[in-house]
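**Q** For reference, the file data-v7.cif (mmCIF, C-alpha atoms) is included below:
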```cif
data_data
loop_
_atom_site.label_atom_id
_atom_site.label_comp_id
_atom_site.auth_asym_id
_atom_site.auth_seq_id
_atom_site.Cartn_x
_atom_site.Cartn_y
_atom_site.Cartn_z
CA MET H 1 110.76 116.45 83.33
CA GLY H 2 111.31 113.93 86.13
CA GLU H 3 113.91 114.26 88.88
CA ILE H 4 116.17 111.48 87.58
CA ARG H 5 116.23 113.04 84.13
CA GLU H 6 117.16 116.42 85.56
CA SER H 7 119.79 114.84 87.81
CA TYR H 8 121.25 112.93 84.87
CA LEU H 9 121.62 116.11 82.82
CA VAL H 10 123.29 117.92 85.74
CA ALA H 11 125.79 115.07 86.14
CA ALA H 12 126.36 114.88 82.39
CA ALA H 13 127.11 118.62 82.20
CA SER H 14 129.55 118.26 85.09
CA ALA H 15 131.28 115.32 83.36
CA VAL H 16 131.65 117.28 80.12
CA ALA H 17 133.18 120.18 82.06
CA LEU H 18 135.64 117.76 83.64
CA LEU H 19 136.56 116.32 80.24
CA ARG H 20 137.32 119.90 79.14
CA ASP H 21 139.77 120.46 82.02
CA PRO H 22 143.31 120.96 80.63
CA ALA H 23 144.60 118.44 83.17
CA VAL H 24 142.78 115.66 81.29
CA ALA H 25 144.46 116.47 77.98
CA ALA H 26 147.84 116.85 79.73
CA ALA H 27 147.59 113.34 81.20
CA TRP H 28 145.91 111.79 78.15
CA ASN H 29 148.41 108.98 77.51
CA LYS H 30 149.17 108.21 81.14
CA PRO H 31 147.73 105.36 83.23
CA SER H 32 144.56 106.24 85.11
CA ALA H 33 143.61 105.45 88.69
CA LEU H 34 141.77 102.38 87.36
CA THR H 35 143.78 99.25 86.62
CA GLU H 36 144.42 98.76 82.89
CA PHE H 37 142.59 101.97 81.96
CA SER H 38 144.54 104.87 80.44
CA VAL H 39 143.36 108.40 81.16
CA ALA H 40 142.22 108.57 77.53
CA GLY H 41 140.27 105.35 77.84
CA LEU H 42 138.66 106.45 81.09
CA ALA H 43 137.72 109.81 79.56
CA GLY H 44 136.25 107.97 76.59
CA HIS H 45 134.28 105.69 78.90
CA LEU H 46 132.91 108.71 80.76
CA SER H 47 131.78 110.28 77.50
CA LEU H 48 130.04 107.06 76.51
CA GLN H 49 127.57 107.59 79.36
CA LEU H 50 126.06 110.29 77.13
CA ALA H 51 126.42 108.36 73.87
CA ARG H 52 124.69 105.28 75.30
CA VAL H 53 121.66 107.31 76.34
CA ARG H 54 121.20 108.79 72.89
CA GLN H 55 121.73 105.35 71.37
CA ALA H 56 119.03 103.87 73.59
CA LEU H 57 116.61 106.71 72.82
CA GLU H 58 117.16 106.30 69.08
CA SER H 59 117.07 102.50 69.09
CA ALA H 60 114.26 101.24 66.89
CA ALA H 61 113.74 97.72 68.19
CA GLU H 62 111.11 95.68 66.36
CA GLU H 63 109.46 94.95 69.68
CA ILE H 64 110.17 96.57 73.03
CA ARG H 65 110.32 93.87 75.65
CA GLU H 66 108.73 94.07 79.07
CA PRO H 67 111.21 96.09 81.18
CA ILE H 68 113.08 94.28 83.93
CA GLU H 69 113.75 95.71 87.37
CA LEU H 70 116.97 97.58 88.04
CA ILE H 71 118.41 95.06 90.50
CA GLU H 72 117.90 92.33 87.91
CA HIS H 73 119.67 94.49 85.31
CA PHE H 74 122.79 94.57 87.47
CA SER H 75 122.48 90.86 88.27
CA ARG H 76 122.38 90.03 84.57
CA SER H 77 125.30 92.32 83.63
CA ALA H 78 128.42 90.16 83.38
CA TRP H 79 130.86 92.99 84.13
CA VAL H 80 129.50 93.58 87.65
CA GLN H 81 131.17 90.64 89.36
CA SER H 82 133.67 89.55 86.69
CA GLY H 83 137.42 90.00 86.82
CA LEU H 84 139.39 92.55 84.83
CA ASP H 85 140.25 89.94 82.20
CA HIS H 86 136.66 88.90 81.58
CA GLU H 87 135.49 89.65 78.04
CA SER H 88 132.85 92.07 79.30
CA ASN H 89 135.40 94.24 81.11
CA VAL H 90 137.94 94.01 78.29
CA ASN H 91 135.21 95.28 75.96
CA VAL H 92 134.45 98.16 78.34
CA ARG H 93 138.08 99.28 78.19
CA ARG H 94 138.24 98.85 74.41
CA GLY H 95 135.09 100.92 74.05
CA GLY H 96 136.57 103.75 76.09
CA GLU H 97 139.79 103.73 74.08
CA ALA H 98 137.84 103.75 70.81
CA ALA H 99 135.73 106.70 71.96
CA ALA H 100 138.92 108.62 72.75
CA ALA H 101 140.88 107.60 69.67
CA GLU H 102 140.75 111.00 67.96
CA GLY H 103 142.11 112.88 70.95
CA PRO H 104 140.83 115.09 73.75
CA ALA H 105 139.57 118.01 71.64
CA THR H 106 137.41 115.77 69.48
CA LEU H 107 136.12 113.89 72.50
CA VAL H 108 135.05 117.14 74.19
CA ALA H 109 133.37 118.41 71.01
CA THR H 110 131.46 115.15 70.65
CA ALA H 111 130.42 115.20 74.30
CA ASP H 112 129.23 118.82 73.95
CA ASP H 113 127.06 117.83 70.98
CA LEU H 114 125.65 114.83 72.82
CA LEU H 115 124.79 116.93 75.86
CA ALA H 116 122.94 119.46 73.68
CA ASN H 117 121.04 116.63 71.98
CA LEU H 118 120.03 115.05 75.27
CA ARG H 119 118.91 118.36 76.76
CA ALA H 120 116.47 118.58 73.85
CA MET H 121 115.46 114.91 73.76
CA LEU H 122 114.89 113.93 77.38
CA PRO H 123 112.16 116.48 78.30
CA ALA H 124 110.12 115.26 75.31
CA GLU H 125 110.15 111.60 76.37
CA PRO H 126 106.96 110.25 78.01
CA ALA H 127 107.10 109.38 81.70
CA ASP H 128 106.52 105.69 80.96
CA ARG H 129 109.09 105.41 78.16
CA VAL H 130 110.80 102.03 77.93
CA VAL H 131 114.12 101.66 76.10
CA ASP H 132 115.58 98.55 74.58
CA LEU H 133 119.30 98.24 75.26
CA PRO H 134 120.95 97.38 71.91
CA TRP H 135 124.06 96.01 73.65
CA ALA H 136 122.04 93.76 75.98
CA SER H 137 119.08 91.45 75.55
CA TRP H 138 116.57 93.26 77.73
CA SER H 139 114.71 96.53 78.21
CA LEU H 140 114.53 99.04 81.05
CA ARG H 141 112.29 101.93 81.96
CA LEU H 142 114.02 105.06 80.71
CA ASP H 143 114.37 106.53 84.20
CA ASP H 144 115.91 103.29 85.49
CA PHE H 145 118.36 103.29 82.60
CA LEU H 146 119.27 106.91 83.34
CA LEU H 147 119.99 105.95 86.94
CA THR H 148 122.51 103.37 85.70
CA ARG H 149 124.20 106.10 83.65
CA LEU H 150 124.03 108.51 86.58
CA ILE H 151 125.96 106.01 88.69
CA GLU H 152 128.58 105.71 85.95
CA LEU H 153 128.91 109.48 85.63
CA VAL H 154 129.34 110.04 89.37
CA VAL H 155 131.73 107.14 89.96
CA HIS H 156 133.91 107.71 86.90
CA SER H 157 134.04 111.48 87.31
CA ASP H 158 135.72 110.77 90.65
CA ASP H 159 138.02 108.23 88.96
CA LEU H 160 139.03 110.68 86.25
CA ALA H 161 139.56 113.57 88.65
CA ALA H 162 141.77 111.36 90.85
CA SER H 163 143.67 110.21 87.76
CA VAL H 164 144.62 113.73 86.64
CA GLY H 165 145.10 115.37 90.04
CA VAL H 166 142.10 117.68 90.16
CA VAL H 167 139.36 118.01 92.75
CA THR H 168 136.38 115.71 92.19
CA PRO H 169 133.47 117.83 90.93
CA GLU H 170 130.92 118.65 93.61
CA LEU H 171 127.45 117.49 92.70
CA PRO H 172 124.15 118.43 94.38
CA ALA H 173 122.22 116.08 96.64
CA GLU H 174 119.63 115.36 93.97
CA VAL H 175 122.43 113.81 91.89
CA VAL H 176 124.36 112.02 94.63
CA ASP H 177 121.49 110.70 96.77
CA PRO H 178 119.97 108.28 94.21
CA VAL H 179 123.45 107.01 93.37
CA VAL H 180 124.30 106.31 97.02
CA GLU H 181 120.92 104.66 97.57
CA MET H 182 121.33 102.36 94.57
CA LEU H 183 124.90 101.46 95.48
CA ALA H 184 123.74 100.62 99.00
CA ARG H 185 121.00 98.35 97.64
CA LEU H 186 123.51 96.58 95.42
CA ALA H 187 125.96 96.22 98.31
CA VAL H 188 123.24 94.65 100.46
CA GLN H 189 122.37 92.24 97.67
CA ARG H 190 126.01 91.25 97.25
CA HIS H 191 127.24 91.19 100.87
CA GLY H 192 124.10 91.06 103.03
CA ALA H 193 122.48 93.70 105.21
CA THR H 194 124.55 92.95 108.30
CA ALA H 195 127.83 93.57 106.48
CA VAL H 196 126.60 96.91 105.16
CA VAL H 197 125.24 98.02 108.54
CA ARG H 198 128.51 97.12 110.24
CA ALA H 199 130.56 98.94 107.60
CA LEU H 200 128.55 102.09 108.20
CA SER H 201 128.26 101.93 111.98
CA ARG H 202 130.72 99.48 113.57
CA ALA H 203 134.27 99.86 112.33
CA GLU H 204 135.51 97.18 114.75
CA ARG H 205 133.29 94.54 113.08
CA ALA H 206 133.23 95.93 109.57
CA PRO H 207 134.00 93.63 106.63
CA ALA H 208 137.02 94.33 104.46
CA THR H 209 134.75 95.59 101.68
CA ILE H 210 131.13 96.24 100.86
CA SER H 211 131.82 97.27 97.28
CA ALA H 212 128.69 97.13 95.14
CA PHE H 213 130.73 96.08 92.09
#
```
Translate this structure into structure tokens?
**A**
Amino acid sequence: MGEIRESYLVAAASAVALLRDPAVAAAWNKPSALTEFSVAGLAGHLSLQLARVRQALESAAEEIREPIELIEHFSRSAWVQSGLDHESNVNVRRGGEAAAAEGPATLVATADDLLANLRAMLPAEPADRVVDLPWASWSLRLDDFLLTRLIELVVHSDDLAASVGVVTPELPAEVVDPVVEMLARLAVQRHGATAVVRALSRAERAPATISAF
């Protein structure tokens, strides 16, 4: 099994453990650290990073399209640079709330089942597997798609931990490094190389933000 697949499963297991933390259930109906997201909705969104992978693996598209590159995937995704009120971001929040609608215990049980499924499914997938994204109009190489979910797992695990007052889970370098690299590439695409270099090395000339999203 490839490195990204292994890293994804490590991050997914960590996310499920975080969802199981009693602090999440205790804060379930409170606002999260993310604007307009409840803790429940954010927990649901985190769990969807497992559900979406199984959905993509099980998708039986009539014809798998030629996969696009990962940078293009983010460029095409409306939510990346849209405001909170944009339909794409409203739908993200609604999806998280729907996933969490039956409460924390059900969400954790569902996430546990998904993780077990994915641990069995991913090692069996060929190295060149391409997946069609049912919620988009394009395809990605499986490992590229898993990197997008890995980013979501790492970023939103931190969001959820901050929301409920627990320490952000520590993840190994093989999980964090590809996420940081991809976020840096996206930041360069959005703000330019000079802005990113200054943010990392010259605080006196650094831009106000180099956020990738």
**Q** What residues come out when you apply the PyMOL selection byres ((chain H and resi 20) around 12) to this file, written as a PyMOL selection string?
**A** chain H and resi 13-19+21-26+28+43+47+103-112+160-161
**Q** Do you know which residues the PyMOL selection byres ((chain H and resi 7) around 9) returns on this file, as a list in words?
**A**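 When the PyMOL selection byres ((chain H and resi 7) around 9) is applied to the shown file, the picked residues are Gly2, Glu3, Ile4, Arg5, Glu6, Tyr8, Leu9, Val10, Ala11, Ala12, Leu147, Leu150, Pro172, Glu174, Val175 and Val176 of chain H.
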**Q** Using Å and a single decimal, report how far atom CA of Val167 of chain H sits from atom CA of Ala33 of chain H.
**A** 13.9 Å
**Q** Nearest to Val154 of chain H among H:Ser32, H:Glu125, H:Leu200, H:Leu46, with distances taken over all atoms listed in the file: which residue is it?
**A**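 Checking each candidate against Val154 of chain H, we get H:Leu46 as the closest.
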**Q** Take the PyMOL selection byres ((chain H and resi 137-146) around 9), apply it to the structure above, and return the hits as a PyMOL selection string.
**A** chain H and resi 2+4-5+8+53+56-57+64-70+73+125+127-136+147-151
**Q** Can you work out which one of H:Leu186, H:Val180, H:Leu42, H:Ala101 has the shortest atom-to-atom distance to His156 of chain H, counting only C-alpha atoms?
**A**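 Answer, going by the shortest atom-to-atom distance: H:Leu42.
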**Q** Quick one: of H:Arg54, H:Arg94, H:Ala173, H:Val155, who's nearest to Arg119 of chain H, counting only C-alpha atoms?
**A**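 Checking each candidate against Arg119 of chain H, we get H:Arg54 as the closest.
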**Q** Rounded to one decimal place, report the atom CA of Ala124 of chain H-atom CA of Gly44 of chain H distance in Å.
**A**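 If I compute the distance from atom CA of Ala124 of chain H to atom CA of Gly44 of chain H, I get 27.2 Å.
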**Q** Atom CA of Ala187 of chain H to atom CA of Ser75 of chain H: how many Å, to one decimal?
**A** 11.9 Å
**Q** Quick one: of H:Arg205, H:His191, H:His45, H:Lys30, who's nearest to Glu97 of chain H, counting all atoms listed in the file?
**A**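 Nearest candidate to Glu97 of chain H out of H:Arg205, H:His191, H:His45, H:Lys30: H:His45.
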**Q** Emit as JSON the padded axis-aligned box for all listed atoms of segment 10-22 of chain H, 5 Å per side, with centre and edge lengths in Å to one decimal.
**A**
```
{"center_x": 133.3, "center_y": 117.9, "center_z": 82.6, "size_x": 30.0, "size_y": 16.1, "size_z": 17.0}
```
**Q** Could you tell me, as a PDB file with C-alpha atoms, keeping the file's coordinate frame, which residues have any atom at most 6 Å from (134.2, 103.3, 78.0), counting only C-alpha atoms?
**A**
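Listed below is the output, point36.pdb:
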```pdb
ATOM      1  CA  GLY H  44     136.250 107.970  76.590  1.00  0.00           C
ATOM      2  CA  HIS H  45     134.280 105.690  78.900  1.00  0.00           C
ATOM      3  CA  LEU H  48     130.040 107.060  76.510  1.00  0.00           C
ATOM      4  CA  VAL H  92     134.450  98.160  78.340  1.00  0.00           C
ATOM      5  CA  ARG H  93     138.080  99.280  78.190  1.00  0.00           C
ATOM      6  CA  GLY H  95     135.090 100.920  74.050  1.00  0.00           C
ATOM      7  CA  GLY H  96     136.570 103.750  76.090  1.00  0.00           C
TER       8      GLY H  96
END
```
**Q** Selecting C-alpha atoms, how would segment 4-48 of chain H from this structure be written as an mmCIF file, in the first residue's frame?
**A**
```cif
data_model
loop_
_atom_site.group_PDB
_atom_site.id
_atom_site.type_symbol
_atom_site.label_atom_id
_atom_site.label_comp_id
_atom_site.auth_asym_id
_atom_site.auth_seq_id
_atom_site.Cartn_x
_atom_site.Cartn_y
_atom_site.Cartn_z
ATOM 1 C CA ILE H 4 -0.464 8.409 0.998
ATOM 2 C CA ARG H 5 -2.905 5.571 1.613
ATOM 3 C CA GLU H 6 -1.146 4.615 4.825
ATOM 4 C CA SER H 7 -0.974 8.256 5.919
ATOM 5 C CA TYR H 8 -4.665 8.721 5.186
ATOM 6 C CA LEU H 9 -5.599 5.734 7.342
ATOM 7 C CA VAL H 10 -3.415 6.991 10.214
ATOM 8 C CA ALA H 11 -5.100 10.409 10.060
ATOM 9 C CA ALA H 12 -8.548 8.839 9.768
ATOM 10 C CA ALA H 13 -7.946 6.680 12.856
ATOM 11 C CA SER H 14 -6.786 9.759 14.765
ATOM 12 C CA ALA H 15 -9.902 11.687 13.687
ATOM 13 C CA VAL H 16 -12.192 8.873 14.824
ATOM 14 C CA ALA H 17 -10.429 8.818 18.204
ATOM 15 C CA LEU H 18 -10.984 12.565 18.498
ATOM 16 C CA LEU H 19 -14.677 12.182 17.637
ATOM 17 C CA ARG H 20 -14.887 9.654 20.489
ATOM 18 C CA ASP H 21 -13.465 12.126 23.037
ATOM 19 C CA PRO H 22 -16.133 12.946 25.674
ATOM 20 C CA ALA H 23 -15.368 16.645 25.211
ATOM 21 C CA VAL H 24 -16.907 16.495 21.727
ATOM 22 C CA ALA H 25 -20.211 15.098 22.973
ATOM 23 C CA ALA H 26 -20.219 17.578 25.881
ATOM 24 C CA ALA H 27 -19.924 20.536 23.487
ATOM 25 C CA TRP H 28 -22.138 19.031 20.774
ATOM 26 C CA ASN H 29 -24.671 21.866 20.501
ATOM 27 C CA LYS H 30 -22.230 24.720 21.039
ATOM 28 C CA PRO H 31 -20.661 26.933 18.357
ATOM 29 C CA SER H 32 -17.351 25.667 17.013
ATOM 30 C CA ALA H 33 -14.161 27.595 16.332
ATOM 31 C CA LEU H 34 -15.319 27.918 12.707
ATOM 32 C CA THR H 35 -17.809 30.651 11.842
ATOM 33 C CA GLU H 36 -21.353 29.320 11.394
ATOM 34 C CA PHE H 37 -20.326 25.740 12.195
ATOM 35 C CA SER H 38 -21.635 24.066 15.359
ATOM 36 C CA VAL H 39 -19.443 21.499 17.080
ATOM 37 C CA ALA H 40 -21.878 18.844 15.854
ATOM 38 C CA GLY H 41 -21.663 20.087 12.287
ATOM 39 C CA LEU H 42 -17.880 20.245 12.402
ATOM 40 C CA ALA H 43 -17.721 16.721 13.839
ATOM 41 C CA GLY H 44 -20.048 15.561 11.085
ATOM 42 C CA HIS H 45 -17.879 17.238 8.459
ATOM 43 C CA LEU H 46 -14.794 15.516 9.869
ATOM 44 C CA SER H 47 -16.516 12.140 9.672
ATOM 45 C CA LEU H 48 -17.480 12.800 6.065
#
```
